[in-house]
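Data file: protein_5.csv. Format and content: CSV, C-alpha atoms.
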chain,number,residue,atom,x,y,z
P,1,CYS,CA,33.6,-61.5,-39.8
P,2,ALA,CA,33.5,-57.8,-39.7
P,3,SER,CA,32.2,-57.7,-43.2
P,4,ASP,CA,29.4,-60.2,-42.4
P,5,PRO,CA,26.1,-58.4,-42.7
P,6,CYS,CA,24.7,-60.5,-39.9
P,7,LEU,CA,27.3,-59.1,-37.5
P,8,THR,CA,27.0,-55.4,-38.5
P,9,LYS,CA,24.6,-53.1,-36.6
P,10,PRO,CA,21.5,-51.8,-38.2
P,11,PRO,CA,21.5,-48.2,-39.2
P,12,HIS,CA,19.1,-47.1,-36.5
P,13,LEU,CA,21.1,-48.8,-33.7
P,14,ALA,CA,24.4,-47.4,-35.1
P,15,ALA,CA,23.0,-43.9,-34.8
P,16,LEU,CA,22.1,-44.2,-31.1
P,17,PRO,CA,25.5,-42.8,-29.8
P,18,GLY,CA,25.1,-39.9,-32.1
P,19,ARG,CA,21.7,-39.1,-30.7
P,20,ARG,CA,23.0,-39.2,-27.2
P,21,SER,CA,25.8,-36.8,-28.0
P,22,GLY,CA,23.3,-34.6,-29.7
P,23,ARG,CA,21.1,-34.5,-26.6
P,24,ARG,CA,24.1,-33.6,-24.5
P,25,GLN,CA,25.1,-30.8,-26.8
P,26,SER,CA,21.5,-29.4,-26.8
P,27,ARG,CA,21.4,-29.5,-23.0
P,28,ALA,CA,24.8,-27.7,-22.9
P,29,THR,CA,23.6,-25.0,-25.3
P,30,PHE,CA,20.3,-24.6,-23.3
P,31,ALA,CA,22.3,-24.2,-20.1
P,32,MET,CA,24.6,-21.6,-21.8
P,33,SER,CA,21.6,-19.7,-23.2
P,34,ASP,CA,20.1,-19.5,-19.6
P,35,GLN,CA,23.4,-18.1,-18.3
P,36,LEU,CA,23.6,-15.5,-21.1
P,37,SER,CA,21.8,-12.2,-20.4
P,38,TYR,CA,20.0,-9.8,-22.7
P,39,PRO,CA,22.1,-7.1,-24.3
P,40,ASP,CA,21.9,-3.7,-22.7
P,41,LEU,CA,20.1,-0.9,-24.6
P,42,VAL,CA,21.5,2.5,-25.0
P,43,LEU,CA,18.7,4.9,-24.3
P,44,ASP,CA,18.6,8.4,-25.8
P,45,PRO,CA,18.8,11.2,-23.1
P,46,SER,CA,16.1,13.0,-25.0
P,47,ILE,CA,13.6,10.3,-23.9
P,48,ARG,CA,14.3,11.4,-20.3
P,49,ASP,CA,13.7,15.1,-21.1
P,50,TRP,CA,10.7,14.7,-23.4
P,51,VAL,CA,8.9,11.6,-22.1
P,52,LEU,CA,9.9,10.6,-18.5
P,53,ILE,CA,9.8,14.1,-16.9
P,54,PRO,CA,6.7,15.3,-18.9
P,55,ILE,CA,4.6,12.3,-17.8
P,56,PHE,CA,5.6,12.9,-14.2
P,57,VAL,CA,4.8,16.6,-14.4
P,58,ILE,CA,1.5,16.1,-16.1
P,59,MET,CA,0.4,13.6,-13.5
P,60,PHE,CA,1.5,15.8,-10.6
P,61,LEU,CA,-0.4,18.8,-12.0
P,62,MET,CA,-3.4,16.7,-12.8
P,63,GLY,CA,-3.5,15.5,-9.2
P,64,ILE,CA,-3.3,19.1,-7.8
P,65,LEU,CA,-6.1,20.2,-10.2
P,66,ARG,CA,-8.3,17.3,-9.1
P,67,ASN,CA,-7.7,18.1,-5.4
P,68,ASN,CA,-8.7,21.7,-5.9
P,69,VAL,CA,-11.8,20.8,-7.9
P,70,THR,CA,-12.9,18.3,-5.3
P,71,LYS,CA,-12.5,20.8,-2.6
P,72,MET,CA,-14.6,23.3,-4.6
P,73,MET,CA,-17.3,20.8,-5.2
P,74,ARG,CA,-17.6,19.9,-1.5
P,75,SER,CA,-20.4,21.5,0.4
P,76,SER,CA,-19.7,22.8,3.9
P,77,GLU,CA,-21.8,20.7,6.3
P,78,LYS,CA,-21.9,21.0,10.1
P,79,THR,CA,-21.0,17.8,11.9
P,80,LYS,CA,-23.6,16.5,14.4
P,81,ARG,CA,-22.8,16.9,18.0
P,82,ASP,CA,-23.5,13.2,18.8
P,83,THR,CA,-21.2,12.0,16.1
P,84,VAL,CA,-18.3,14.1,17.4
P,85,GLN,CA,-18.9,12.8,21.0
P,86,GLN,CA,-19.0,9.2,19.8
P,87,ASN,CA,-15.8,9.6,17.8
P,88,ASN,CA,-14.0,11.3,20.7
P,89,LEU,CA,-15.0,8.5,23.1
P,90,LEU,CA,-13.5,6.0,20.8
P,91,MET,CA,-10.3,8.0,20.5
P,92,ARG,CA,-10.0,8.3,24.2
P,93,ALA,CA,-10.4,4.5,24.7
P,94,ARG,CA,-7.8,3.8,22.0
P,95,ARG,CA,-5.3,6.2,23.5
P,96,LEU,CA,-5.7,4.7,26.9
P,97,ARG,CA,-5.1,1.3,25.5
P,98,ALA,CA,-2.0,2.4,23.5
P,99,ASN,CA,-0.5,4.4,26.4
P,100,ALA,CA,-1.5,2.1,29.3
P,101,GLY,CA,2.2,1.6,30.4
P,102,TRP,CA,2.6,5.3,31.2
P,103,VAL,CA,-0.3,5.4,33.6
P,104,PRO,CA,-0.1,4.0,37.2
P,105,ALA,CA,-2.0,0.8,38.0
P,106,ALA,CA,-4.7,2.5,40.1
P,107,ALA,CA,-5.3,5.2,37.5
P,108,PHE,CA,-5.5,2.6,34.7
P,109,ALA,CA,-8.0,0.5,36.7
P,110,ALA,CA,-10.2,3.5,37.4
P,111,ARG,CA,-10.2,4.5,33.7
P,112,LYS,CA,-10.8,1.0,32.6
P,113,HIS,CA,-13.8,0.8,35.0
P,114,HIS,CA,-15.1,4.1,33.7
P,115,PHE,CA,-15.1,2.7,30.1
P,116,CYS,CA,-15.9,-1.0,30.6
P,117,ASP,CA,-18.3,-1.2,33.6
P,118,LYS,CA,-21.2,-3.4,32.6
P,119,GLU,CA,-23.8,-1.0,34.1
P,120,LYS,CA,-22.3,2.5,33.8
P,121,GLY,CA,-19.4,2.1,31.4
P,122,LEU,CA,-19.3,4.5,28.5
P,123,LEU,CA,-18.5,1.8,26.0
P,124,MET,CA,-21.3,-0.4,27.3
P,125,GLN,CA,-24.1,2.1,26.6
P,126,LYS,CA,-26.4,1.2,23.7
P,127,GLN,CA,-26.4,3.6,20.8
P,128,ASP,CA,-28.9,4.1,18.1
P,129,ALA,CA,-28.6,1.6,15.2
P,130,PRO,CA,-27.9,3.3,11.8
P,131,ASN,CA,-30.6,3.1,9.1
P,132,PRO,CA,-29.0,1.4,6.0
P,133,MET,CA,-31.6,3.0,3.7
P,134,ALA,CA,-31.2,6.6,5.0
P,135,ALA,CA,-28.1,7.2,3.0
P,136,MET,CA,-29.6,5.8,-0.2
P,137,SER,CA,-32.7,7.9,0.1
P,138,ASP,CA,-30.8,11.1,0.8
P,139,PRO,CA,-30.5,13.2,-2.5
P,140,ASN,CA,-27.5,15.1,-1.1
P,141,MET,CA,-25.7,11.8,-0.6
P,142,MET,CA,-26.4,10.6,-4.1
P,143,SER,CA,-25.1,13.9,-5.6
P,144,LYS,CA,-21.9,13.6,-3.5
P,145,MET,CA,-21.4,10.1,-4.9
P,146,MET,CA,-21.8,11.4,-8.5
P,147,GLN,CA,-19.4,14.2,-7.8
P,148,GLY,CA,-16.9,11.8,-6.4
P,149,ASN,CA,-17.2,9.6,-9.5
P,150,MET,CA,-16.7,12.5,-11.8
P,151,ALA,CA,-13.7,13.7,-9.8
P,152,MET,CA,-12.1,10.3,-10.1
P,153,MET,CA,-13.1,9.1,-13.6
P,154,VAL,CA,-12.8,12.3,-15.7
P,155,PRO,CA,-9.1,12.9,-15.0
P,156,GLN,CA,-8.3,9.2,-15.5
P,157,MET,CA,-10.1,9.3,-18.8
P,158,LEU,CA,-8.2,12.3,-20.0
P,159,MET,CA,-4.8,10.8,-18.9
P,160,MET,CA,-5.6,7.5,-20.6
P,161,VAL,CA,-6.1,9.5,-23.9
P,162,ILE,CA,-3.2,11.9,-23.5
P,163,ILE,CA,-0.5,9.4,-22.4
P,164,PRO,CA,-1.0,6.7,-25.2
P,165,HIS,CA,-1.4,9.4,-27.9
P,166,PHE,CA,1.8,11.4,-27.2
P,167,PHE,CA,4.1,9.0,-25.2
P,168,SER,CA,3.4,5.5,-26.4
P,169,GLY,CA,6.2,3.1,-27.6
P,170,PHE,CA,9.1,4.5,-25.5
P,171,VAL,CA,11.5,2.5,-23.3
P,172,LEU,CA,12.3,4.8,-20.4
P,173,GLY,CA,14.6,3.0,-18.1
P,174,LYS,CA,15.7,-0.3,-16.4
P,175,ILE,CA,15.1,-1.7,-13.0
P,176,PRO,CA,18.4,-2.4,-11.2
P,177,PHE,CA,17.4,-6.0,-10.3
P,178,PRO,CA,16.3,-8.9,-12.5
P,179,LEU,CA,12.7,-10.0,-12.8
P,180,THR,CA,10.9,-13.1,-14.1
P,181,PRO,CA,9.1,-13.0,-17.5
P,182,SER,CA,5.8,-12.9,-15.7
P,183,PHE,CA,6.3,-9.1,-15.0
P,184,LYS,CA,6.7,-8.3,-18.7
P,185,GLY,CA,3.0,-7.6,-19.2
P,186,MET,CA,3.1,-5.1,-16.2
P,187,LEU,CA,6.3,-3.3,-17.0
P,188,GLN,CA,6.3,-3.3,-20.8
P,189,ARG,CA,2.8,-2.2,-21.9
P,190,GLY,CA,2.8,-0.8,-25.4
P,191,VAL,CA,6.0,-2.5,-26.5
P,192,ASN,CA,5.5,-6.1,-27.5
P,193,LEU,CA,9.1,-7.4,-27.9
P,194,SER,CA,9.9,-11.0,-26.8
P,195,THR,CA,13.6,-10.3,-26.9
P,196,LEU,CA,13.5,-7.3,-24.6
P,197,ASP,CA,14.7,-7.8,-21.0
P,198,THR,CA,11.9,-7.8,-18.4
P,199,ALA,CA,13.7,-5.2,-16.3
P,200,TYR,CA,13.0,-2.4,-18.9
P,201,ILE,CA,10.1,-0.1,-18.3
P,202,THR,CA,8.0,1.5,-21.0
P,203,SER,CA,6.1,4.8,-20.9
P,204,MET,CA,2.7,3.3,-20.3
P,205,SER,CA,3.9,1.2,-17.4
P,206,TRP,CA,5.7,4.2,-15.9
P,207,TYR,CA,2.4,6.1,-16.0
P,208,ILE,CA,0.6,3.3,-14.2
P,209,LEU,CA,3.3,2.9,-11.6
P,210,ALA,CA,3.5,6.6,-11.0
P,211,MET,CA,-0.3,6.9,-10.7
P,212,PHE,CA,-0.3,4.6,-7.6
P,213,GLY,CA,3.1,5.7,-6.2
P,214,MET,CA,2.7,9.5,-5.9
P,215,ARG,CA,0.7,9.3,-2.7
P,216,GLY,CA,3.7,10.3,-0.5
P,217,LEU,CA,4.5,13.3,-2.7
P,218,TYR,CA,0.9,14.5,-2.6
P,219,SER,CA,0.8,14.2,1.2
P,220,ILE,CA,3.9,16.3,1.5
P,221,VAL,CA,2.8,19.0,-1.0
P,222,LEU,CA,-0.9,19.1,-0.3
P,223,GLY,CA,-1.0,17.9,3.3
P,224,ALA,CA,-2.6,14.8,4.9
P,225,GLY,CA,-6.2,15.8,4.0
P,226,SER,CA,-5.7,15.7,0.2
P,227,THR,CA,-8.2,13.9,-2.0
P,228,THR,CA,-5.6,12.5,-4.5
P,229,ASP,CA,-5.5,9.0,-3.2
P,230,ASP,CA,-6.8,6.8,-6.0
P,231,SER,CA,-7.0,3.7,-3.9
P,232,ALA,CA,-9.1,5.4,-1.2
P,233,LEU,CA,-11.5,6.9,-3.7
P,234,MET,CA,-11.9,3.5,-5.4
P,235,GLN,CA,-12.6,1.9,-2.0
P,236,GLN,CA,-15.2,4.5,-1.2
P,237,GLN,CA,-16.9,4.0,-4.6
P,238,MET,CA,-17.0,0.2,-4.0
P,239,GLY,CA,-18.7,0.6,-0.6
P,240,MET,CA,-15.7,-0.1,1.6
P,241,ALA,CA,-16.6,2.6,4.1
P,242,ALA,CA,-15.7,2.7,7.8
P,243,GLY,CA,-17.6,0.1,9.7
P,244,GLY,CA,-18.2,-2.0,6.6
P,245,GLY,CA,-21.3,-0.1,5.6
P,246,GLN,CA,-22.3,1.7,2.4
P,247,PRO,CA,-20.5,5.0,1.5
P,248,GLY,CA,-22.0,7.9,3.5
P,249,GLN,CA,-23.7,5.5,5.9
P,250,GLN,CA,-23.2,6.2,9.6
P,251,PRO,CA,-21.1,3.4,11.2
P,252,ASP,CA,-22.6,1.0,13.8
P,253,TYR,CA,-21.1,2.4,17.0
P,254,ASN,CA,-22.5,-0.5,19.0
P,255,LYS,CA,-20.1,-2.9,17.3
P,256,LEU,CA,-17.2,-0.4,17.5
P,257,TYR,CA,-17.8,0.1,21.2
P,258,ALA,CA,-18.1,-3.6,21.9
P,259,THR,CA,-14.8,-4.3,20.1
P,260,GLU,CA,-12.9,-1.5,21.8
P,261,ALA,CA,-14.3,-2.6,25.3
P,262,GLU,CA,-13.1,-6.1,24.7
P,263,ASN,CA,-9.7,-5.0,23.6
P,264,LEU,CA,-9.4,-2.7,26.7
P,265,GLN,CA,-10.4,-5.5,29.0
P,266,ILE,CA,-7.7,-7.9,27.8
P,267,THR,CA,-5.0,-5.3,27.9
P,268,GLU,CA,-2.2,-6.3,30.2
P,269,HIS,CA,-1.0,-3.3,32.3
P,270,LYS,CA,2.7,-2.9,33.0
P,271,PHE,CA,3.9,0.4,34.5
P,272,HIS,CA,7.0,1.6,32.7
P,273,LEU,CA,8.0,4.1,35.4
P,274,SER,CA,7.9,1.8,38.5
P,275,ALA,CA,11.0,2.5,40.5
P,276,ALA,CA,12.4,4.7,37.9
P,277,GLU,CA,14.8,6.5,40.3
P,278,GLU,CA,16.3,3.3,41.6
P,279,LYS,CA,16.8,2.0,38.0
P,280,LEU,CA,18.5,5.2,37.0
P,281,LEU,CA,20.9,5.2,40.0
P,282,ARG,CA,21.6,1.5,39.7
P,283,GLY,CA,22.3,1.8,36.0
P,284,GLY,CA,24.7,4.7,36.6
P,285,LYS,CA,26.6,2.7,39.2
P,286,ALA,CA,26.7,-0.3,36.9
P,287,ASP,CA,28.1,1.7,34.1
P,288,GLY,CA,30.8,3.1,36.4
P,289,VAL,CA,31.8,-0.3,37.7
P,290,THR,CA,32.0,-1.8,34.2
P,291,ALA,CA,34.1,1.2,33.0
P,292,ARG,CA,36.5,0.8,36.0
P,293,GLY,CA,36.8,-3.0,35.4
P,294,LYS,CA,37.6,-2.4,31.7
P,295,ALA,CA,40.2,0.2,32.6
P,296,LYS,CA,41.9,-2.2,35.1
P,297,ARG,CA,41.9,-5.1,32.6
P,298,ALA,CA,43.5,-2.8,30.0
Show how you would write the structure in this file as structure tokens.
Amino acid sequence: CASDPCLTKPPHLAALPGRRSGRRQSRATFAMSDQLSYPDLVLDPSIRDWVLIPIFVIMFLMGILRNNVTKMMRSSEKTKRDTVQQNNLLMRARRLRANAGWVPAAAFAARKHHFCDKEKGLLMQKQDAPNPMAAMSDPNMMSKMMQGNMAMMVPQMLMMVIIPHFFSGFVLGKIPFPLTPSFKGMLQRGVNLSTLDTAYITSMSWYILAMFGMRGLYSIVLGAGSTTDDSALMQQQMGMAAGGGQPGQQPDYNKLYATEAENLQITEHKFHLSAAEEKLLRGGKADGVTARGKAKRA
């Protein structure tokens, strides 16, 4: 009966168990390949001395040069008296709102009335609306915008020529934590290797990361008023000025005053120094009692 061709299985049905075992083996090998990590690369120390450090030094010196050139291109202009008074008024209202807990209730109410009174409040007074076309028609403002564009674009163009020409194609280091393959295009510019681990950083990516990450170093070396912040310069060129207007346009103080008055009115006052002497004496006694109780228990 076993040799009867009617009872034997067809070839395609007889191969089914083999196919299932093959699928199991492929799944096992796929799981093992997921668990395996990429081999570590041994980087030459000369790359640190001749690629990593020079890129950092060049970018730092370029930022200092751009800051000095920008300061030299600026023209000394006198600030208008009305603008200074309006800005100081906003600063006083914000400081009162931030430090309301250190002012007694009566003093806070008096200051709040001084700022937010509907008839005589300083924040309720109408200010002159800014002219949106005044900045665009001013030739001095247009020249300032062109100088800002040159101060931002010319160093970037020089760096984008120098860095790829002298320092392209190097792997500089490895991030100490794993990343998904979606970060490969950001961290491995200039080195197109599918077998390279995503945690490795190339020279071009190091340049881009350092360009947007040296703000803290510039603020320490050059001070808080430095003009080396690329993101701030880009925002100014895109029209993201204070108050939502065009670059160089005077902000609308009516909206700023209305917003600050509303925030000051909804501020809840809680005096931090109420019965400070009693709290101090009560806290000292409580500490002494707890210390004696712990000593008796011990």
Next item on the list: Can you work out the spacing between atom CA of Ala100 of chain P and atom CA of Pro251 of chain P in Å, to one decimal?
Entry: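 Value for the atom CA of Ala100 of chain P-atom CA of Pro251 of chain P distance: 26.7 Å.
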Checklist line | Point-to-point distance from atom CA of Lys71 of chain P to atom CA of Gln250 of chain P, Å rounded to tenths | finding: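 About the pair atom CA of Lys71 of chain P and atom CA of Gln250 of chain P: they are 21.8 Å apart.
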Next item on the list: Could you check how far atom CA of Met152 of chain P sits from atom CA of Phe56 of chain P, in Å to one decimal?
Entry: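 Interatomic distance here is 18.4 Å.
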Item checked: Nearest to Ile55 of chain P by atom-to-atom distance, counting all atoms listed in the file, from P:Ile220, P:Met72, P:Leu209, P:Leu273 ->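 Looking only at the distances to Ile55 of chain P, the closest residue turns out to be P:Leu209.
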Note to self: Using all atoms listed in the file, which protein or nucleic acid residues come within 8 Å of segment 102-116 of chain P? Drop anything in the same chain fewer than 5 positions from it, and give the result as a ChimeraX atom specification.
What the structure shows: /P:93,121-124,261,264-265,269-273
Checklist line | Contact residues around Ile53 of chain P with only C-alpha atoms at 12 Å, ignoring same-chain residues under 3 positions, as a list in words | finding: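 The residues satisfying every condition are Pro45, Ser46, Ile47, Arg48, Asp49, Trp50, Phe56, Val57, Ile58, Met59, Phe60, Phe167, Leu172, Ser203, Trp206, Tyr207 and Ala210 of chain P.
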Could the residues in this selection be saved with C-alpha atoms as a tab-separated table (two decimals), keeping the file's coordinate frame?
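Contents of result.tsv, as written:
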chain	number	residue	atom	x	y	z
P	45	PRO	CA	18.80	11.20	-23.10
P	46	SER	CA	16.10	13.00	-25.00
P	47	ILE	CA	13.60	10.30	-23.90
P	48	ARG	CA	14.30	11.40	-20.30
P	49	ASP	CA	13.70	15.10	-21.10
P	50	TRP	CA	10.70	14.70	-23.40
P	56	PHE	CA	5.60	12.90	-14.20
P	57	VAL	CA	4.80	16.60	-14.40
P	58	ILE	CA	1.50	16.10	-16.10
P	59	MET	CA	0.40	13.60	-13.50
P	60	PHE	CA	1.50	15.80	-10.60
P	167	PHE	CA	4.10	9.00	-25.20
P	172	LEU	CA	12.30	4.80	-20.40
P	203	SER	CA	6.10	4.80	-20.90
P	206	TRP	CA	5.70	4.20	-15.90
P	207	TYR	CA	2.40	6.10	-16.00
P	210	ALA	CA	3.50	6.60	-11.00
Next item on the list: Could you check which of P:Asn149, P:Asn131, P:Asn87, P:Gln188 is closest to Arg66 of chain P, using all atoms listed in the file?
Entry: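 Nearest candidate to Arg66 of chain P out of P:Asn149, P:Asn131, P:Asn87, P:Gln188: P:Asn149.
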